[in-house]
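> mmCIF, C-alpha atoms, pLDDT in the B column; chains and numbers go by the auth columns, saved as run_32.cif, coming up:
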data_data
loop_
_atom_site.group_PDB
_atom_site.id
_atom_site.type_symbol
_atom_site.label_atom_id
_atom_site.label_comp_id
_atom_site.label_asym_id
_atom_site.label_seq_id
_atom_site.Cartn_x
_atom_site.Cartn_y
_atom_site.Cartn_z
_atom_site.B_iso_or_equiv
_atom_site.auth_seq_id
_atom_site.auth_asym_id
ATOM 1 C CA MET A 1 112.238 21.788 -40.384 93.00 1 G
ATOM 2 C CA ASN A 2 112.728 25.418 -39.456 96.00 2 G
ATOM 3 C CA ILE A 3 111.585 28.371 -41.584 98.00 3 G
ATOM 4 C CA TRP A 4 114.372 30.888 -42.160 98.00 4 G
ATOM 5 C CA ILE A 5 114.609 34.261 -43.839 98.00 5 G
ATOM 6 C CA MET A 6 117.947 35.349 -45.266 97.00 6 G
ATOM 7 C CA LEU A 7 118.809 38.908 -46.201 97.00 7 G
ATOM 8 C CA LEU A 8 122.069 39.196 -48.110 95.00 8 G
ATOM 9 C CA ARG A 9 124.051 42.359 -47.995 90.00 9 G
ATOM 10 C CA GLY A 10 126.339 43.781 -50.631 78.00 10 G
ATOM 11 C CA ILE A 11 125.307 41.885 -53.744 80.00 11 G
ATOM 12 C CA ASN A 12 124.161 43.132 -57.152 73.00 12 G
ATOM 13 C CA VAL A 13 124.971 46.758 -56.376 70.00 13 G
ATOM 14 C CA GLY A 14 126.391 48.783 -59.230 69.00 14 G
ATOM 15 C CA GLY A 15 127.398 45.672 -61.152 71.00 15 G
ATOM 16 C CA LYS A 16 129.597 44.402 -58.317 76.00 16 G
ATOM 17 C CA ASN A 17 129.329 41.173 -56.351 79.00 17 G
ATOM 18 C CA VAL A 18 126.883 39.823 -58.908 83.00 18 G
ATOM 19 C CA LEU A 19 124.903 36.849 -57.702 89.00 19 G
ATOM 20 C CA LYS A 20 121.940 35.679 -59.747 90.00 20 G
ATOM 21 C CA MET A 21 119.026 34.446 -57.711 91.00 21 G
ATOM 22 C CA ARG A 22 119.015 31.049 -59.450 94.00 22 G
ATOM 23 C CA ASP A 23 122.655 30.666 -58.343 94.00 23 G
ATOM 24 C CA LEU A 24 121.706 31.679 -54.814 94.00 24 G
ATOM 25 C CA VAL A 25 118.965 29.034 -54.790 96.00 25 G
ATOM 26 C CA ALA A 26 121.496 26.409 -55.916 96.00 26 G
ATOM 27 C CA VAL A 27 123.956 27.427 -53.176 96.00 27 G
ATOM 28 C CA LEU A 28 121.244 27.290 -50.516 97.00 28 G
ATOM 29 C CA GLU A 29 120.206 23.835 -51.697 97.00 29 G
ATOM 30 C CA VAL A 30 123.841 22.653 -51.504 95.00 30 G
ATOM 31 C CA VAL A 31 123.956 23.577 -47.800 96.00 31 G
ATOM 32 C CA GLY A 32 120.776 21.601 -47.144 96.00 32 G
ATOM 33 C CA CYS A 33 118.036 24.192 -47.545 97.00 33 G
ATOM 34 C CA SER A 34 114.766 23.275 -49.219 97.00 34 G
ATOM 35 C CA ASP A 35 111.647 25.023 -50.519 97.00 35 G
ATOM 36 C CA VAL A 36 113.882 27.990 -51.392 97.00 36 G
ATOM 37 C CA ARG A 37 112.119 31.089 -52.698 97.00 37 G
ATOM 38 C CA THR A 38 113.735 34.424 -53.510 95.00 38 G
ATOM 39 C CA HIS A 39 112.379 37.936 -53.874 94.00 39 G
ATOM 40 C CA ILE A 40 113.959 40.534 -56.179 90.00 40 G
ATOM 41 C CA GLN A 41 117.664 40.613 -56.982 82.00 41 G
ATOM 42 C CA SER A 42 118.957 41.936 -53.659 83.00 42 G
ATOM 43 C CA GLY A 43 119.356 38.579 -51.956 88.00 43 G
ATOM 44 C CA ASN A 44 116.121 38.012 -50.066 95.00 44 G
ATOM 45 C CA ALA A 45 115.338 34.346 -49.550 97.00 45 G
ATOM 46 C CA VAL A 46 112.934 32.188 -47.584 98.00 46 G
ATOM 47 C CA PHE A 47 113.645 28.498 -47.057 98.00 47 G
ATOM 48 C CA ARG A 48 113.433 25.483 -44.783 98.00 48 G
ATOM 49 C CA SER A 49 116.428 23.981 -43.013 98.00 49 G
ATOM 50 C CA ALA A 50 116.966 21.347 -40.390 97.00 50 G
ATOM 51 C CA GLU A 51 119.619 23.634 -38.878 96.00 51 G
ATOM 52 C CA SER A 52 118.295 25.282 -35.726 96.00 52 G
ATOM 53 C CA ASP A 53 121.120 27.769 -35.110 96.00 53 G
ATOM 54 C CA ALA A 54 121.020 30.983 -37.174 96.00 54 G
ATOM 55 C CA THR A 55 124.732 31.685 -36.626 95.00 55 G
ATOM 56 C CA ILE A 56 125.806 28.285 -37.917 96.00 56 G
ATOM 57 C CA LEU A 57 123.450 28.601 -40.882 97.00 57 G
ATOM 58 C CA ARG A 58 124.752 32.100 -41.701 96.00 58 G
ATOM 59 C CA THR A 59 128.357 30.892 -41.665 97.00 59 G
ATOM 60 C CA MET A 60 127.531 27.905 -43.881 97.00 60 G
ATOM 61 C CA ILE A 61 125.733 30.131 -46.393 97.00 61 G
ATOM 62 C CA GLU A 62 128.424 32.828 -46.517 96.00 62 G
ATOM 63 C CA ASN A 63 131.143 30.194 -46.994 96.00 63 G
ATOM 64 C CA ALA A 64 129.193 28.390 -49.712 96.00 64 G
ATOM 65 C CA ILE A 65 128.522 31.632 -51.629 95.00 65 G
ATOM 66 C CA ARG A 66 132.214 32.517 -51.482 94.00 66 G
ATOM 67 C CA GLU A 67 133.432 29.023 -52.429 95.00 67 G
ATOM 68 C CA ARG A 68 130.893 28.254 -55.151 93.00 68 G
ATOM 69 C CA ARG A 69 130.208 31.683 -56.661 91.00 69 G
ATOM 70 C CA GLY A 70 133.312 33.690 -55.709 90.00 70 G
ATOM 71 C CA VAL A 71 131.184 36.396 -54.111 90.00 71 G
ATOM 72 C CA GLU A 72 131.816 37.956 -50.717 90.00 72 G
ATOM 73 C CA ALA A 73 128.433 38.581 -49.157 91.00 73 G
ATOM 74 C CA ARG A 74 127.273 38.961 -45.612 92.00 74 G
ATOM 75 C CA ALA A 75 124.078 37.187 -44.681 95.00 75 G
ATOM 76 C CA LEU A 76 121.617 37.990 -41.961 96.00 76 G
ATOM 77 C CA VAL A 77 119.494 34.986 -41.055 97.00 77 G
ATOM 78 C CA LEU A 78 116.228 35.436 -39.167 97.00 78 G
ATOM 79 C CA GLY A 79 113.676 32.989 -37.919 97.00 79 G
ATOM 80 C CA LEU A 80 110.037 33.410 -38.922 97.00 80 G
ATOM 81 C CA GLU A 81 109.129 34.558 -35.411 96.00 81 G
ATOM 82 C CA GLU A 82 111.875 37.191 -35.481 97.00 82 G
ATOM 83 C CA LEU A 83 110.645 38.647 -38.780 98.00 83 G
ATOM 84 C CA THR A 84 107.017 38.547 -37.639 97.00 84 G
ATOM 85 C CA GLU A 85 107.936 40.349 -34.412 97.00 85 G
ATOM 86 C CA ALA A 86 109.821 43.044 -36.353 98.00 86 G
ATOM 87 C CA MET A 87 106.798 43.598 -38.596 98.00 87 G
ATOM 88 C CA ASP A 88 104.262 43.546 -35.768 97.00 88 G
ATOM 89 C CA SER A 89 106.374 46.017 -33.773 97.00 89 G
ATOM 90 C CA ASN A 90 106.519 48.632 -36.543 98.00 90 G
ATOM 91 C CA PRO A 91 106.309 51.934 -34.641 98.00 91 G
ATOM 92 C CA PHE A 92 105.228 53.832 -37.775 97.00 92 G
ATOM 93 C CA PRO A 93 102.071 52.129 -39.087 96.00 93 G
ATOM 94 C CA GLN A 94 101.075 55.397 -40.797 94.00 94 G
ATOM 95 C CA ALA A 95 104.124 54.971 -43.072 94.00 95 G
ATOM 96 C CA GLU A 96 102.970 51.595 -44.387 94.00 96 G
ATOM 97 C CA ASP A 97 100.844 53.408 -47.000 94.00 97 G
ATOM 98 C CA ASP A 98 104.066 54.660 -48.626 95.00 98 G
ATOM 99 C CA PRO A 99 106.234 51.548 -48.225 96.00 99 G
ATOM 100 C CA SER A 100 109.288 52.958 -50.015 95.00 100 G
ATOM 101 C CA LYS A 101 109.706 55.544 -47.237 97.00 101 G
ATOM 102 C CA LEU A 102 109.775 53.102 -44.318 98.00 102 G
ATOM 103 C CA HIS A 103 112.936 51.058 -43.832 98.00 103 G
ATOM 104 C CA LEU A 104 113.840 48.362 -41.365 98.00 104 G
ATOM 105 C CA PHE A 105 117.546 47.949 -40.689 98.00 105 G
ATOM 106 C CA PHE A 106 117.976 44.411 -39.408 98.00 106 G
ATOM 107 C CA LEU A 107 120.925 44.282 -37.025 97.00 107 G
ATOM 108 C CA SER A 108 123.403 41.437 -36.629 94.00 108 G
ATOM 109 C CA GLU A 109 123.286 41.907 -32.863 95.00 109 G
ATOM 110 C CA SER A 110 121.959 44.292 -30.260 96.00 110 G
ATOM 111 C CA PRO A 111 124.005 47.532 -30.266 97.00 111 G
ATOM 112 C CA GLN A 112 125.970 47.891 -27.036 96.00 112 G
ATOM 113 C CA SER A 113 126.644 51.619 -27.249 96.00 113 G
ATOM 114 C CA PRO A 114 124.769 53.261 -30.113 97.00 114 G
ATOM 115 C CA ASP A 115 125.583 56.922 -30.720 97.00 115 G
ATOM 116 C CA ILE A 116 122.031 58.225 -30.288 97.00 116 G
ATOM 117 C CA GLU A 117 123.234 61.822 -29.994 97.00 117 G
ATOM 118 C CA SER A 118 124.813 61.687 -33.475 97.00 118 G
ATOM 119 C CA ILE A 119 121.796 59.837 -34.860 97.00 119 G
ATOM 120 C CA ASN A 120 119.535 62.634 -33.633 97.00 120 G
ATOM 121 C CA ALA A 121 121.906 65.258 -35.040 97.00 121 G
ATOM 122 C CA LEU A 122 121.907 63.624 -38.505 96.00 122 G
ATOM 123 C CA LYS A 123 118.208 62.955 -38.852 96.00 123 G
ATOM 124 C CA ALA A 124 116.248 65.335 -41.037 96.00 124 G
ATOM 125 C CA ASP A 125 113.383 67.293 -39.488 95.00 125 G
ATOM 126 C CA ARG A 126 110.694 64.985 -40.887 96.00 126 G
ATOM 127 C CA GLU A 127 112.557 61.722 -40.291 97.00 127 G
ATOM 128 C CA LEU A 128 111.524 59.472 -37.442 97.00 128 G
ATOM 129 C CA PHE A 129 113.423 56.524 -36.010 98.00 129 G
ATOM 130 C CA VAL A 130 113.091 53.899 -33.329 98.00 130 G
ATOM 131 C CA LEU A 131 115.813 51.509 -32.216 98.00 131 G
ATOM 132 C CA THR A 132 114.777 48.195 -30.706 96.00 132 G
ATOM 133 C CA ASP A 133 116.954 45.278 -29.696 94.00 133 G
ATOM 134 C CA LYS A 134 117.802 44.146 -33.251 96.00 134 G
ATOM 135 C CA VAL A 135 115.880 46.458 -35.600 98.00 135 G
ATOM 136 C CA PHE A 136 116.358 50.129 -36.444 98.00 136 G
ATOM 137 C CA TYR A 137 113.142 51.536 -37.942 98.00 137 G
ATOM 138 C CA LEU A 138 113.526 54.625 -40.122 98.00 138 G
ATOM 139 C CA HIS A 139 110.680 56.601 -41.623 98.00 139 G
ATOM 140 C CA ALA A 140 112.282 58.872 -44.229 97.00 140 G
ATOM 141 C CA PRO A 141 109.465 60.833 -45.931 96.00 141 G
ATOM 142 C CA GLU A 142 111.934 62.583 -48.266 94.00 142 G
ATOM 143 C CA GLY A 143 113.359 59.229 -49.386 93.00 143 G
ATOM 144 C CA ILE A 144 116.165 57.005 -48.247 92.00 144 G
ATOM 145 C CA GLY A 145 118.534 58.314 -50.928 91.00 145 G
ATOM 146 C CA ARG A 146 118.386 61.792 -49.441 91.00 146 G
ATOM 147 C CA SER A 147 118.774 60.648 -45.844 96.00 147 G
ATOM 148 C CA LYS A 148 122.112 61.465 -44.233 96.00 148 G
ATOM 149 C CA LEU A 149 121.058 59.287 -41.322 96.00 149 G
ATOM 150 C CA ALA A 150 120.414 56.225 -43.482 96.00 150 G
ATOM 151 C CA ALA A 151 123.892 56.492 -44.960 94.00 151 G
ATOM 152 C CA ARG A 152 125.600 56.498 -41.535 96.00 152 G
ATOM 153 C CA VAL A 153 123.292 54.591 -39.221 96.00 153 G
ATOM 154 C CA GLU A 154 125.280 51.351 -39.293 95.00 154 G
ATOM 155 C CA ASN A 155 128.458 53.079 -38.134 96.00 155 G
ATOM 156 C CA LEU A 156 126.564 54.995 -35.465 98.00 156 G
ATOM 157 C CA LEU A 157 124.985 51.820 -34.131 98.00 157 G
ATOM 158 C CA GLY A 158 128.291 49.971 -34.157 97.00 158 G
ATOM 159 C CA VAL A 159 126.899 46.717 -35.570 96.00 159 G
ATOM 160 C CA ASP A 160 126.404 45.205 -39.020 94.00 160 G
ATOM 161 C CA ALA A 161 123.026 45.975 -40.531 95.00 161 G
ATOM 162 C CA THR A 162 121.098 45.433 -43.732 95.00 162 G
ATOM 163 C CA ALA A 163 118.068 47.511 -44.671 95.00 163 G
ATOM 164 C CA ARG A 164 114.884 46.642 -46.520 96.00 164 G
ATOM 165 C CA ASN A 165 111.926 48.868 -47.281 97.00 165 G
ATOM 166 C CA TRP A 166 108.476 48.004 -45.982 98.00 166 G
ATOM 167 C CA ARG A 167 107.309 46.677 -49.344 97.00 167 G
ATOM 168 C CA THR A 168 110.150 44.143 -49.420 97.00 168 G
ATOM 169 C CA VAL A 169 109.751 43.212 -45.748 98.00 169 G
ATOM 170 C CA SER A 170 106.025 42.648 -46.278 97.00 170 G
ATOM 171 C CA LYS A 171 106.568 40.486 -49.368 97.00 171 G
ATOM 172 C CA VAL A 172 109.257 38.401 -47.686 98.00 172 G
ATOM 173 C CA GLY A 173 106.978 38.049 -44.656 97.00 173 G
ATOM 174 C CA GLU A 174 104.153 36.789 -46.905 97.00 174 G
ATOM 175 C CA MET A 175 106.518 34.298 -48.544 97.00 175 G
ATOM 176 C CA ALA A 176 107.728 33.034 -45.162 97.00 176 G
ATOM 177 C CA GLN A 177 104.181 32.618 -43.883 97.00 177 G
ATOM 178 C CA ALA A 178 103.159 30.767 -47.056 96.00 178 G
ATOM 179 C CA THR A 179 106.140 28.444 -46.619 96.00 179 G
ATOM 180 C CA ALA A 180 105.151 27.798 -43.002 95.00 180 G
ATOM 181 C CA ASN A 181 101.591 27.001 -44.099 93.00 181 G
ATOM 182 C CA GLN A 182 102.660 24.404 -46.692 88.00 182 G
#
Would you write out, as structure tokens, the structure that this file holds?

Amino acid sequence: MNIWIMLLRGINVGGKNVLKMRDLVAVLEVVGCSDVRTHIQSGNAVFRSAESDATILRTMIENAIRERRGVEARALVLGLEELTEAMDSNPFPQAEDDPSKLHLFFLSESPQSPDIESINALKADRELFVLTDKVFYLHAPEGIGRSKLAARVENLLGVDATARNWRTVSKVGEMAQATANQ
């Protein structure tokens, strides 16, 4: 069985696309996932699945959420190694002490032609960013809510993305590792 991490996008925001975590667990179990654990209400889940292809798994999950709960949500599915690599490659370890200011934007695919010039133009003086193959790291010392870059980065990269702060990434990483160790 493979360990997977799922990050849902676009649920439980402003009272729209409401999906309770117990309902998410039930949907994941229907598509064959086991040992499902969730973290906070934003659609973070860790589970086991016999499926070895993240794209197939993502499609199954998105379809099941739509069919069973009537919610349109996009899922990003990562393997344990992929999440571990993203965490280990954090270019801003100094920001880990203030985990609400460090965000990882997990990308659906590698950006083919990101608009780095516009990204640099939008970033605030104290903001730092690094783009890797499938993760955009953003250290926003003034907060993500004040960041013009955070609000537009997905469009400027040209790929779907979902962001999580370092606290959430760390907790989900701990959950995934605990599942792997069971």
> Please report the interatomic distance between CA of Phe106 in chain G and CA of Thr168 in chain G in Å with one decimal.
12.7 Å
> Do you know which residues are at most 8 Å from His103 in chain G counting only C-alpha atoms, after dropping those on the same chain fewer than 4 positions away, and could you put them as a list in words?
Tyr137, Leu138, His139, Ala140, Ala163, Arg164, Asn165 and Trp166 of chain G
> Restrict the selected residues to C-alpha atoms and save them as a short mmCIF file (atom, residue, chain, number, x, y, z; two decimals), keeping the file's coordinate frame.

data_model
loop_
_atom_site.label_atom_id
_atom_site.label_comp_id
_atom_site.auth_asym_id
_atom_site.auth_seq_id
_atom_site.Cartn_x
_atom_site.Cartn_y
_atom_site.Cartn_z
CA TYR G 137 113.14 51.54 -37.94
CA LEU G 138 113.53 54.62 -40.12
CA HIS G 139 110.68 56.60 -41.62
CA ALA G 140 112.28 58.87 -44.23
CA ALA G 163 118.07 47.51 -44.67
CA ARG G 164 114.88 46.64 -46.52
CA ASN G 165 111.93 48.87 -47.28
CA TRP G 166 108.48 48.00 -45.98
#
> The residues within 12 Å of (103.8, 49.0, -38.5), using all atoms listed in the file and the coordinates of the file, should be reported as a list in words; which are they?
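Residues lying no farther than 12 Å from the given point: Thr84, Glu85, Ala86, Met87, Asp88, Ser89, Asn90, Pro91, Phe92, Pro93, Gln94, Ala95, Glu96, Asp97, Asp98, Pro99, Leu102, His103, Leu104, Val130, Tyr137, Leu138, His139, Asn165, Trp166, Arg167, Val169 and Ser170 of chain G.
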> Compile the contact shell of range 58-73 of chain G as a count of residues only: residues with an atom at most 7 Å away, counting all atoms listed in the file, same-chain residues fewer than 3 positions apart removed.
12
> Distance CA of Phe47 in chain G-CA of Asp35 in chain G, one decimal place?
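Going from CA of Phe47 in chain G over to CA of Asp35 in chain G, I get 5.3 Å.
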> Quick check on the file I pasted: which residues fall under the PyMOL selection byres ((chain G and resi 131) around 10)? Write them as JSON, numbers by chain.
{"G": [91, 104, 105, 110, 111, 114, 116, 129, 130, 132, 133, 134, 135, 136, 137, 138, 157]}
> Skip Ala176 in chain G itself and residues of its chain fewer than 5 positions away, then list as a PyMOL selection string all residues within 8 Å of it, counting only C-alpha atoms.
chain G and resi 3-5+46-47+80
> For the file shown, report as an mmCIF file with C-alpha atoms, in the frame of the given file the outcome of the PyMOL selection byres ((chain G and resi 21) around 8) at residue level.

data_model
loop_
_atom_site.group_PDB
_atom_site.id
_atom_site.type_symbol
_atom_site.label_atom_id
_atom_site.label_comp_id
_atom_site.auth_asym_id
_atom_site.auth_seq_id
_atom_site.Cartn_x
_atom_site.Cartn_y
_atom_site.Cartn_z
ATOM 1 C CA LEU G 19 124.903 36.849 -57.702
ATOM 2 C CA LYS G 20 121.940 35.679 -59.747
ATOM 3 C CA ARG G 22 119.015 31.049 -59.450
ATOM 4 C CA ASP G 23 122.655 30.666 -58.343
ATOM 5 C CA LEU G 24 121.706 31.679 -54.814
ATOM 6 C CA VAL G 25 118.965 29.034 -54.790
ATOM 7 C CA THR G 38 113.735 34.424 -53.510
ATOM 8 C CA GLN G 41 117.664 40.613 -56.982
ATOM 9 C CA GLY G 43 119.356 38.579 -51.956
#
> Which residues come within 7 Å of Leu149 in chain G, counting only C-alpha atoms, excluding same-chain residues fewer than 3 positions away, as a ChimeraX atom specification?
/G:119,122-123,152-153
> Between G:Asn12, G:Ser49, G:Asn120, G:Ser42, which is the closest to Thr179 in chain G once you count all atoms listed in the file?
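Ranked by minimum distance to Thr179 in chain G, first place goes to G:Ser49.
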> Rounded to one decimal place, report the CA of Glu117 in chain G-CA of Ile144 in chain G distance in Å.
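Result for CA of Glu117 in chain G versus CA of Ile144 in chain G: 20.2 Å, one decimal.
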